[in-house]
$ cat input-v5.cif   # mmCIF, C-alpha atoms
data_data
#
loop_
_atom_site.label_atom_id
_atom_site.label_comp_id
_atom_site.auth_asym_id
_atom_site.auth_seq_id
_atom_site.Cartn_x
_atom_site.Cartn_y
_atom_site.Cartn_z
CA MET A 227 0.00 0.00 0.00
CA ASN A 228 2.78 2.42 -0.90
CA LYS A 229 0.50 5.06 -2.33
CA ILE A 230 -1.26 8.33 -1.69
CA THR A 231 -4.99 8.01 -1.06
CA HIS A 232 -5.75 11.62 -0.13
CA ILE A 233 -4.09 14.89 -1.07
CA THR A 234 -4.61 18.47 0.03
CA LEU A 235 -3.07 21.63 -1.38
CA ASP A 236 -2.70 24.67 0.82
CA ASP A 237 -3.38 27.28 -1.83
CA SER A 238 -5.18 29.64 0.57
CA ALA A 239 -2.58 32.41 0.19
CA LEU A 240 -2.72 32.33 -3.61
CA PRO A 241 -4.88 34.38 -5.95
CA PRO A 242 -7.80 32.53 -7.53
CA PRO A 243 -6.53 30.28 -10.33
CA THR A 244 -7.39 30.77 -13.96
CA PRO A 245 -9.82 28.21 -15.40
CA GLU A 246 -6.89 26.52 -17.16
CA ILE A 247 -4.83 26.24 -13.96
CA GLU A 248 -7.86 24.95 -12.07
CA GLN A 249 -8.41 22.31 -14.74
CA GLU A 250 -4.73 21.25 -14.59
CA ARG A 251 -5.05 20.91 -10.80
CA LYS A 252 -8.21 18.81 -10.99
CA VAL A 253 -6.79 16.47 -13.61
CA ALA A 254 -3.49 16.05 -11.74
CA MET A 255 -5.24 15.31 -8.45
CA PHE A 256 -7.66 12.85 -10.04
CA ASP A 257 -4.91 11.04 -11.96
CA LEU A 258 -2.63 11.00 -8.92
CA LEU A 259 -5.24 9.41 -6.68
CA GLU A 260 -6.17 6.88 -9.37
CA ASP A 261 -2.64 5.60 -9.85
CA ASN A 262 0.50 6.49 -7.93
CA ARG A 263 3.50 5.05 -6.16
CA PHE A 264 4.67 6.81 -3.04
CA ALA A 265 6.81 5.21 -0.35
CA LEU A 266 8.77 6.53 2.59
CA PRO A 267 12.15 4.83 2.99
CA ALA A 268 13.60 4.05 6.40
CA ARG A 269 15.93 6.87 7.46
CA ASP A 270 18.73 6.85 9.99
CA GLY A 271 17.82 3.30 10.97
CA ARG A 272 14.29 4.29 11.98
CA SER A 273 11.30 2.53 10.51
CA VAL A 274 8.49 4.54 8.97
CA PRO A 275 4.76 3.83 9.06
CA ASP A 276 3.43 1.88 6.12
CA GLY A 277 1.05 3.50 3.67
CA PRO A 278 -1.35 4.31 2.32
CA TYR A 279 -0.66 7.97 2.96
CA ARG A 280 -2.41 11.30 3.14
CA LEU A 281 -0.27 14.05 1.61
CA GLY A 282 -0.46 17.76 2.30
CA LEU A 283 1.46 20.07 -0.05
CA SER A 284 2.13 23.69 0.79
CA ILE A 285 4.67 26.45 0.41
CA ARG A 286 5.94 27.90 3.66
CA GLU A 287 8.77 30.39 3.96
CA ARG A 288 9.63 29.84 0.29
CA ARG A 289 10.01 26.10 0.77
CA LEU A 290 7.88 23.29 -0.60
CA VAL A 291 6.49 21.29 2.32
CA PHE A 292 5.42 17.65 2.10
CA ASP A 293 3.33 16.71 5.14
CA VAL A 294 2.89 12.93 5.01
CA ARG A 295 0.42 11.17 7.31
CA THR A 296 -1.06 7.72 7.62
CA GLU A 297 -4.70 6.98 6.85
CA ASP A 298 -5.61 7.65 10.51
CA ASP A 299 -3.85 11.06 10.31
CA THR A 300 -0.79 10.01 12.32
CA PRO A 301 2.30 11.97 11.20
CA ALA A 302 4.55 9.76 9.05
CA GLY A 303 7.04 12.38 7.95
CA GLU A 304 7.51 15.97 6.92
CA PHE A 305 10.16 17.32 4.65
CA HIS A 306 10.92 20.70 3.12
CA LEU A 307 12.44 21.24 -0.31
CA SER A 308 14.04 24.40 -1.57
CA LEU A 309 12.05 25.93 -4.41
CA GLY A 310 15.21 27.17 -6.14
CA PRO A 311 15.77 24.06 -8.28
CA PHE A 312 12.16 24.27 -9.50
CA ARG A 313 12.01 27.97 -10.42
CA GLN A 314 13.23 27.82 -14.02
CA VAL A 315 11.37 24.66 -14.99
CA VAL A 316 8.12 25.99 -13.44
CA LYS A 317 8.56 29.26 -15.32
CA ASP A 318 9.21 27.38 -18.57
CA TYR A 319 6.23 25.11 -17.92
CA PHE A 320 3.86 28.05 -17.39
CA GLN A 321 5.11 29.75 -20.55
CA ILE A 322 4.63 26.65 -22.70
CA CYS A 323 1.22 25.97 -21.13
CA GLU A 324 0.12 29.50 -21.99
CA SER A 325 1.27 28.94 -25.58
CA TYR A 326 -0.55 25.61 -25.64
CA PHE A 327 -3.82 27.05 -24.29
CA ASP A 328 -3.65 29.86 -26.89
CA ALA A 329 -2.78 27.42 -29.68
CA VAL A 330 -5.75 25.17 -28.93
CA LYS A 331 -8.04 28.11 -29.68
CA THR A 332 -6.54 29.13 -33.03
CA LEU A 333 -3.87 26.87 -34.53
CA PRO A 334 -4.16 23.75 -36.69
CA PRO A 335 -3.65 20.33 -35.02
CA SER A 336 -0.10 19.88 -36.35
CA GLN A 337 1.11 23.05 -34.62
CA ILE A 338 -0.78 22.19 -31.43
CA GLU A 339 0.92 18.79 -31.40
CA THR A 340 4.37 20.40 -31.69
CA ILE A 341 3.67 22.70 -28.74
CA ASP A 342 2.21 19.81 -26.74
CA MET A 343 5.38 17.74 -27.33
CA ALA A 344 7.46 20.63 -25.96
CA ARG A 345 5.09 20.93 -23.00
CA ARG A 346 5.46 17.23 -22.22
CA GLY A 347 9.24 17.55 -22.41
CA ILE A 348 9.31 20.38 -19.88
CA HIS A 349 6.84 18.47 -17.69
CA ASN A 350 9.16 15.45 -17.77
CA GLU A 351 12.08 17.68 -16.78
CA GLY A 352 10.10 18.99 -13.80
CA ALA A 353 9.28 15.42 -12.76
CA ARG A 354 12.97 14.48 -13.02
CA VAL A 355 13.99 17.43 -10.81
CA LEU A 356 11.34 16.44 -8.27
CA GLN A 357 12.52 12.83 -8.18
CA GLU A 358 16.08 14.03 -7.58
CA ARG A 359 14.96 16.37 -4.78
CA LEU A 360 12.91 13.59 -3.14
CA GLU A 361 15.81 11.12 -3.16
CA GLY A 362 16.18 9.61 0.33
CA LYS A 363 12.93 11.25 1.47
CA ALA A 364 10.25 9.58 -0.66
CA GLU A 365 10.22 7.13 -3.52
CA VAL A 366 7.92 8.00 -6.44
CA ASP A 367 7.58 6.65 -9.94
CA THR A 368 7.73 8.89 -13.01
CA ASP A 369 3.97 9.28 -13.43
CA THR A 370 3.55 10.20 -9.76
CA ALA A 371 6.40 12.71 -10.04
CA ARG A 372 4.76 14.26 -13.13
CA ARG A 373 1.45 14.71 -11.32
CA LEU A 374 3.11 16.08 -8.20
CA PHE A 375 5.08 18.50 -10.38
CA THR A 376 1.79 19.79 -11.81
CA LEU A 377 0.56 20.42 -8.28
CA ILE A 378 3.80 22.20 -7.41
CA CYS A 379 3.20 24.44 -10.41
CA VAL A 380 -0.31 25.18 -9.12
CA LEU A 381 1.21 26.22 -5.79
CA HIS A 382 3.64 28.49 -7.65
CA PHE A 383 0.76 30.19 -9.49
CA GLY A 384 0.82 33.84 -8.52
CA GLY A 385 3.61 33.17 -6.07
#
$ encode --input "input-v5.cif" --output "structure tokens"
Amino acid sequence: MNKITHITLDDSALPPPTPEIEQERKVAMFDLLEDNRFALPARDGRSVPDGPYRLGLSIRERRLVFDVRTEDDTPAGEFHLSLGPFRQVVKDYFQICESYFDAVKTLPPSQIETIDMARRGIHNEGARVLQERLEGKAEVDTDTARRLFTLICVLHFGG
């Protein structure tokens, strides 16, 4: 049961999202809860509670906070990641998403596909950075990292 079964985003300090950002958030959360791999490795010789897990994501003091709890809300771990390594890839992702959303309204399918391929490439890069940053803290597969990266982007919105 190494998976996330519930996720909350603390986006209370952010401006209201655009419809596109809100849609990205909903899709990422749905897909994440449908299929994910998330495990907490033993650290410093200490065992960690088994999943499934409840995950809270927030940004506090310019750090990305993962608040991991068991199904009965018992704390399982909390770790903070610097946002620095994510800044450029999040910026690039927002720019390409904006181009994609505009393209869908006006451009032919071949041009939309080209932009979408670039968007997927940047998304994969964000997932790779997240997996590197989570090393030793949490184990996630590529699809889970991609969906979590989308949620990180949502938390960056307006930030």
$ residues_around --input "input-v5.cif" --residues "Arg372 of chain A" --least-positions-apart "4" --cutoff "8 Å" --atoms "only C-alpha atoms" --output "number ranges by chain"
A: 349-350, 352-353, 368, 376
$ closest_residue --input "input-v5.cif" --among "A:Ile348, A:Glu365, A:Thr300, A:Glu246" --to "Val330 of chain A" --atoms "all atoms listed in the file"
A:Glu246
$ closest_residue --input "input-v5.cif" --among "A:Arg269, A:Lys363, A:Arg354, A:Arg373" --to "His306 of chain A" --atoms "only C-alpha atoms"
A:Lys363
$ atom_distance --input "input-v5.cif" --atom1 "atom CA of Ile322 of chain A" --atom2 "atom CA of Arg345 of chain A"
5.7 Å
$ residues_around --input "input-v5.cif" --residues "Ile233 of chain A" --least-positions-apart "4" --cutoff "7 Å" --atoms "only C-alpha atoms" --output "CSV table (one decimal) with C-alpha atoms, keeping the file's coordinate frame"
chain,number,residue,atom,x,y,z
A,280,ARG,CA,-2.4,11.3,3.1
A,281,LEU,CA,-0.3,14.0,1.6
A,282,GLY,CA,-0.5,17.8,2.3
$ closest_residue --input "input-v5.cif" --among "A:Ala254, A:Ala329, A:Val274, A:Leu307" --to "Ala371 of chain A" --atoms "all atoms listed in the file"
A:Ala254
$ atom_distance --input "input-v5.cif" --atom1 "atom CA of Ile341 of chain A" --atom2 "atom CA of Tyr326 of chain A"
6.0 Å
$ atom_distance --input "input-v5.cif" --atom1 "atom CA of Phe327 of chain A" --atom2 "atom CA of Leu356 of chain A"
24.5 Å
$ closest_residue --input "input-v5.cif" --among "A:Arg272, A:His382, A:Lys331, A:Lys317" --to "Arg251 of chain A" --atoms "only C-alpha atoms"
A:His382
$ resolve_selection --input "input-v5.cif" --expression "the PyMOL selection byres ((chain A and resi 260-265) around 12)" --output "number ranges by chain"
A: 227-233, 253-259, 266-268, 274-281, 294-296, 302-303, 357, 360-374
$ closest_residue --input "input-v5.cif" --among "A:Asp236, A:Thr332, A:Arg346, A:Lys252" --to "Leu290 of chain A" --atoms "all atoms listed in the file"
A:Asp236
$ axis_aligned_box --input "input-v5.cif" --around "segment 263-271 of chain A" --padding-each-side "4 Å" --output "AutoDock Vina command-line options"
--center_x 11.1 --center_y 5.1 --center_z 2.4 --size_x 23.2 --size_y 11.6 --size_z 25.1
$ build_atoms --input "input-v5.cif" --residues "segment 255-269 of chain A" --atoms "N, CA, C and O atoms" --output "PDB file, keeping the file's coordinate frame"
ATOM      1  N   MET A 255      -4.804  15.939  -9.705  1.00  0.00           N
ATOM      2  CA  MET A 255      -5.240  15.310  -8.450  1.00  0.00           C
ATOM      3  C   MET A 255      -6.006  14.023  -8.733  1.00  0.00           C
ATOM      4  O   MET A 255      -5.778  12.999  -8.068  1.00  0.00           O
ATOM      5  N   PHE A 256      -6.897  14.044  -9.700  1.00  0.00           N
ATOM      6  CA  PHE A 256      -7.660  12.850 -10.040  1.00  0.00           C
ATOM      7  C   PHE A 256      -6.720  11.726 -10.484  1.00  0.00           C
ATOM      8  O   PHE A 256      -6.790  10.607  -9.985  1.00  0.00           O
ATOM      9  N   ASP A 257      -5.840  12.046 -11.439  1.00  0.00           N
ATOM     10  CA  ASP A 257      -4.910  11.040 -11.960  1.00  0.00           C
ATOM     11  C   ASP A 257      -3.984  10.515 -10.867  1.00  0.00           C
ATOM     12  O   ASP A 257      -3.685   9.315 -10.812  1.00  0.00           O
ATOM     13  N   LEU A 258      -3.529  11.407 -10.001  1.00  0.00           N
ATOM     14  CA  LEU A 258      -2.630  11.000  -8.920  1.00  0.00           C
ATOM     15  C   LEU A 258      -3.318  10.012  -7.987  1.00  0.00           C
ATOM     16  O   LEU A 258      -2.740   8.978  -7.633  1.00  0.00           O
ATOM     17  N   LEU A 259      -4.543  10.298  -7.613  1.00  0.00           N
ATOM     18  CA  LEU A 259      -5.240   9.410  -6.680  1.00  0.00           C
ATOM     19  C   LEU A 259      -5.641   8.091  -7.340  1.00  0.00           C
ATOM     20  O   LEU A 259      -5.750   7.073  -6.663  1.00  0.00           O
ATOM     21  N   GLU A 260      -5.825   8.107  -8.643  1.00  0.00           N
ATOM     22  CA  GLU A 260      -6.170   6.880  -9.370  1.00  0.00           C
ATOM     23  C   GLU A 260      -4.992   5.928  -9.454  1.00  0.00           C
ATOM     24  O   GLU A 260      -5.166   4.714  -9.368  1.00  0.00           O
ATOM     25  N   ASP A 261      -3.798   6.462  -9.644  1.00  0.00           N
ATOM     26  CA  ASP A 261      -2.640   5.600  -9.850  1.00  0.00           C
ATOM     27  C   ASP A 261      -1.378   6.350  -9.426  1.00  0.00           C
ATOM     28  O   ASP A 261      -1.015   7.350 -10.042  1.00  0.00           O
ATOM     29  N   ASN A 262      -0.741   5.870  -8.367  1.00  0.00           N
ATOM     30  CA  ASN A 262       0.500   6.490  -7.930  1.00  0.00           C
ATOM     31  C   ASN A 262       1.326   5.486  -7.139  1.00  0.00           C
ATOM     32  O   ASN A 262       0.830   4.462  -6.691  1.00  0.00           O
ATOM     33  N   ARG A 263       2.591   5.817  -7.016  1.00  0.00           N
ATOM     34  CA  ARG A 263       3.500   5.050  -6.160  1.00  0.00           C
ATOM     35  C   ARG A 263       4.232   6.046  -5.297  1.00  0.00           C
ATOM     36  O   ARG A 263       4.928   6.927  -5.794  1.00  0.00           O
ATOM     37  N   PHE A 264       4.065   5.901  -3.995  1.00  0.00           N
ATOM     38  CA  PHE A 264       4.670   6.810  -3.040  1.00  0.00           C
ATOM     39  C   PHE A 264       5.047   6.004  -1.805  1.00  0.00           C
ATOM     40  O   PHE A 264       4.184   5.400  -1.164  1.00  0.00           O
ATOM     41  N   ALA A 265       6.330   5.966  -1.501  1.00  0.00           N
ATOM     42  CA  ALA A 265       6.810   5.210  -0.350  1.00  0.00           C
ATOM     43  C   ALA A 265       7.807   6.055   0.430  1.00  0.00           C
ATOM     44  O   ALA A 265       8.547   6.851  -0.144  1.00  0.00           O
ATOM     45  N   LEU A 266       7.800   5.866   1.726  1.00  0.00           N
ATOM     46  CA  LEU A 266       8.770   6.530   2.590  1.00  0.00           C
ATOM     47  C   LEU A 266       9.836   5.509   2.977  1.00  0.00           C
ATOM     48  O   LEU A 266       9.514   4.484   3.588  1.00  0.00           O
ATOM     49  N   PRO A 267      11.080   5.767   2.610  1.00  0.00           N
ATOM     50  CA  PRO A 267      12.150   4.830   2.990  1.00  0.00           C
ATOM     51  C   PRO A 267      12.532   5.008   4.455  1.00  0.00           C
ATOM     52  O   PRO A 267      12.344   6.079   5.033  1.00  0.00           O
ATOM     53  N   ALA A 268      13.070   3.950   5.029  1.00  0.00           N
ATOM     54  CA  ALA A 268      13.600   4.050   6.400  1.00  0.00           C
ATOM     55  C   ALA A 268      14.768   5.036   6.377  1.00  0.00           C
ATOM     56  O   ALA A 268      15.557   5.052   5.436  1.00  0.00           O
ATOM     57  N   ARG A 269      14.845   5.873   7.387  1.00  0.00           N
ATOM     58  CA  ARG A 269      15.930   6.870   7.460  1.00  0.00           C
ATOM     59  C   ARG A 269      16.615   6.778   8.806  1.00  0.00           C
ATOM     60  O   ARG A 269      15.962   6.659   9.834  1.00  0.00           O
TER      61      ARG A 269
END
